[in-house]
$ cat start-v8.txt   # compact mmCIF, C-alpha atoms
# COMPACT_ATOMS: atom_id res chain seq x y z
CA MET A 121 -20.26 -45.30 42.72
CA ASN A 122 -20.22 -46.11 39.03
CA SER A 123 -18.00 -49.02 38.06
CA GLN A 124 -18.08 -48.13 34.34
CA ALA A 125 -16.94 -44.56 35.07
CA GLU A 126 -14.23 -45.85 37.42
CA SER A 127 -13.06 -48.27 34.72
CA GLU A 128 -12.94 -45.45 32.15
CA ILE A 129 -10.86 -43.30 34.50
CA ARG A 130 -8.49 -46.20 35.25
CA HIS A 131 -7.99 -46.70 31.50
CA LEU A 132 -7.32 -42.96 31.07
CA ILE A 133 -4.73 -43.11 33.87
CA ASP A 134 -3.03 -46.13 32.23
CA ARG A 135 -2.75 -44.27 28.91
CA TRP A 136 -1.53 -41.13 30.68
CA MET A 137 1.14 -43.02 32.64
CA GLN A 138 2.43 -44.56 29.40
CA ALA A 139 2.48 -41.13 27.73
CA VAL A 140 4.67 -39.83 30.59
CA ARG A 141 7.05 -42.78 30.27
CA ASP A 142 7.17 -42.17 26.50
CA ARG A 143 7.75 -38.41 27.04
CA ASP A 144 4.77 -37.81 24.76
CA ILE A 145 3.78 -34.23 25.66
CA PRO A 146 0.61 -34.22 23.49
CA GLY A 147 -0.39 -37.55 25.07
CA ILE A 148 0.33 -36.24 28.56
CA THR A 149 -1.75 -33.11 28.12
CA ALA A 150 -4.55 -34.65 25.99
CA PRO A 151 -6.85 -35.36 28.96
CA TYR A 152 -6.31 -31.94 30.57
CA ALA A 153 -9.23 -29.51 30.48
CA ASP A 154 -8.39 -26.12 29.00
CA ASP A 155 -9.09 -24.55 32.41
CA ILE A 156 -7.11 -27.09 34.50
CA VAL A 157 -5.65 -25.86 37.76
CA ALA A 158 -2.62 -27.90 38.75
CA PHE A 159 -0.51 -27.95 41.89
CA ASP A 160 2.80 -29.58 41.00
CA ALA A 161 5.60 -30.24 43.46
CA ILE A 162 8.14 -28.50 41.22
CA LYS A 163 8.81 -24.78 40.71
CA ALA A 164 5.50 -22.88 40.89
CA LEU A 165 2.73 -22.61 43.46
CA GLN A 166 0.10 -23.35 40.81
CA PHE A 167 -0.48 -23.62 37.08
CA LYS A 168 -3.66 -22.23 35.55
CA GLY A 169 -4.67 -23.45 32.13
CA LYS A 170 -3.57 -26.23 29.83
CA ALA A 171 -0.93 -24.14 28.03
CA ALA A 172 0.84 -23.17 31.27
CA TYR A 173 0.82 -26.74 32.55
CA GLN A 174 2.02 -28.09 29.19
CA ALA A 175 4.99 -25.68 29.30
CA HIS A 176 5.76 -26.99 32.80
CA TRP A 177 5.68 -30.61 31.59
CA GLU A 178 8.04 -29.68 28.75
CA MET A 179 10.45 -28.13 31.28
CA CYS A 180 10.24 -31.21 33.52
CA MET A 181 11.00 -33.54 30.64
CA GLY A 182 14.15 -31.52 30.00
CA PHE A 183 15.42 -32.63 33.42
CA CYS A 184 14.71 -36.30 32.76
CA THR A 185 16.80 -37.11 29.73
CA GLY A 186 17.54 -40.80 30.31
CA PRO A 187 15.33 -43.82 30.87
CA MET A 188 12.83 -43.20 33.63
CA VAL A 189 10.81 -45.01 36.26
CA PHE A 190 7.22 -43.76 36.43
CA GLU A 191 4.87 -46.23 38.08
CA LEU A 192 1.88 -46.04 40.34
CA ALA A 193 0.98 -47.90 43.51
CA GLU A 194 -2.19 -48.01 45.59
CA LEU A 195 -4.46 -46.50 42.93
CA THR A 196 -7.94 -45.61 44.19
CA VAL A 197 -10.65 -44.29 41.88
CA HIS A 198 -14.08 -42.94 42.83
CA ALA A 199 -16.59 -41.76 40.24
CA ASP A 200 -20.26 -40.89 40.23
CA GLY A 201 -22.15 -39.06 37.53
CA ASP A 202 -19.86 -36.68 35.71
CA LEU A 203 -17.26 -36.27 38.48
CA GLY A 204 -14.38 -38.55 39.42
CA LEU A 205 -11.42 -38.54 41.76
CA ALA A 206 -8.29 -40.67 41.78
CA HIS A 207 -5.30 -40.79 44.08
CA TRP A 208 -2.17 -42.88 44.09
CA LEU A 209 1.46 -43.05 45.12
CA ASN A 210 3.82 -42.56 42.20
CA ARG A 211 7.41 -43.80 42.08
CA CYS A 212 9.57 -41.79 39.72
CA GLY A 213 13.18 -41.14 38.89
CA PRO A 214 15.94 -42.30 36.56
CA SER A 215 15.86 -46.03 35.84
CA ASP A 216 19.65 -46.14 35.54
CA ASP A 217 20.04 -44.94 39.17
CA GLU A 218 17.41 -46.50 41.41
CA SER A 219 18.85 -44.64 44.41
CA GLN A 220 17.44 -41.44 42.88
CA CYS A 221 13.91 -42.86 42.59
CA GLY A 222 11.32 -41.85 45.13
CA PHE A 223 7.59 -41.75 45.84
CA MET A 224 5.32 -38.76 45.43
CA ARG A 225 1.59 -38.41 46.00
CA ALA A 226 -0.90 -37.67 43.22
CA THR A 227 -4.53 -36.61 43.46
CA VAL A 228 -6.47 -35.97 40.26
CA GLY A 229 -9.99 -34.64 39.75
CA TYR A 230 -11.99 -35.52 36.62
CA ARG A 231 -15.11 -34.13 34.95
CA LYS A 232 -16.95 -35.84 32.10
CA VAL A 233 -17.71 -33.43 29.26
CA GLY A 234 -19.28 -34.53 25.99
CA GLY A 235 -18.77 -38.18 26.90
CA GLN A 236 -15.04 -37.76 27.61
CA TRP A 237 -13.28 -37.57 30.97
CA GLN A 238 -11.09 -34.49 31.41
CA VAL A 239 -8.61 -33.69 34.16
CA ILE A 240 -9.81 -30.52 35.88
CA HIS A 241 -7.36 -30.61 38.78
CA GLU A 242 -4.04 -32.36 39.35
CA HIS A 243 -2.03 -32.19 42.57
CA TRP A 244 1.44 -33.67 43.12
CA SER A 245 3.22 -33.47 46.43
CA ALA A 246 6.03 -34.94 48.47
CA PRO A 247 6.05 -35.16 52.25
CA PHE A 248 8.77 -33.11 53.92
CA ASP A 249 10.60 -32.89 57.22
CA MET A 250 9.63 -29.61 58.91
CA GLU A 251 12.90 -29.38 60.84
CA THR A 252 15.21 -29.74 57.83
CA GLN A 253 12.74 -28.47 55.19
CA LYS A 254 13.87 -31.35 52.97
CA ALA A 255 11.53 -33.48 50.86
CA LEU A 256 11.27 -37.11 51.98
CA PHE A 257 11.52 -39.03 48.73
CA ASP A 258 12.84 -42.17 50.45
CA LEU A 259 9.51 -43.04 52.14
CA LYS A 260 7.85 -46.20 50.86
CA PRO A 261 4.24 -47.40 50.94
$ encode --input "start-v8.txt" --output "structure tokens"
Amino acid sequence: MNSQAESEIRHLIDRWMQAVRDRDIPGITAPYADDIVAFDAIKALQFKGKAAYQAHWEMCMGFCTGPMVFELAELTVHADGDLGLAHWLNRCGPSDDESQCGFMRATVGYRKVGGQWQVIHEHWSAPFDMETQKALFDLKP
């Protein structure tokens, strides 16, 4: 493990989280590698490439027009050499209606290129009940 690399990734995550809260699309997508493959919990099975994932983020921001909750819990970061991995639980939803806020899971893979960490894979998911086929956003850590 490399504590400097882990610290760099934690700082990148902090900036990224703030960019999401600010609805700053260029800030959100800045750390994404051009060839990112993302598995989001909304709409598509996968997104290939930065442009496709940026368009998805723009669509998602259209659904969240008011003040939002977007905060992480239980962040874990591992890094060694030029590869890193982070996972966390993320609470999100409208801040004016806490009953609509729920937790999702995030796993993000990083690669260091030219001295900068880039997101090469991002995966968001929500657990679901197999019998009802409904997402379980009310689970808590």
$ residues_around --input "start-v8.txt" --residues "segment 183-199 of chain A" --least-positions-apart "2" --cutoff "10 Å" --atoms "all atoms listed in the file" --output "PyMOL selection string"
chain A and resi 121-130+133-134+137-138+140-143+178-181+201-218+221-231+261
$ atom_distance --input "start-v8.txt" --atom1 "atom CA of Phe248 of chain A" --atom2 "atom CA of Tyr173 of chain A"
23.7 Å
$ closest_atom_pairs --input "start-v8.txt" --of "segment 184-260 of chain A" --to "segment 158-164 of chain A" --cutoff "9 Å" --atoms "only C-alpha atoms" --output "tab-separated table"
residue	atom	partner	partner_atom	distance
A:Met224	CA	A:Ala161	CA	8.7
A:Ile240	CA	A:Ala158	CA	8.2
A:His241	CA	A:Ala158	CA	5.5
A:Glu242	CA	A:Ala158	CA	4.7
A:His243	CA	A:Phe159	CA	4.6
A:Trp244	CA	A:Asp160	CA	4.8
A:Ser245	CA	A:Ala161	CA	5.0
A:Ala246	CA	A:Ala161	CA	6.9
$ atom_distance --input "start-v8.txt" --atom1 "atom CA of Leu132 of chain A" --atom2 "atom CA of Trp177 of chain A"
17.9 Å
$ atom_distance --input "start-v8.txt" --atom1 "atom CA of Gly182 of chain A" --atom2 "atom CA of Asp155 of chain A"
24.4 Å
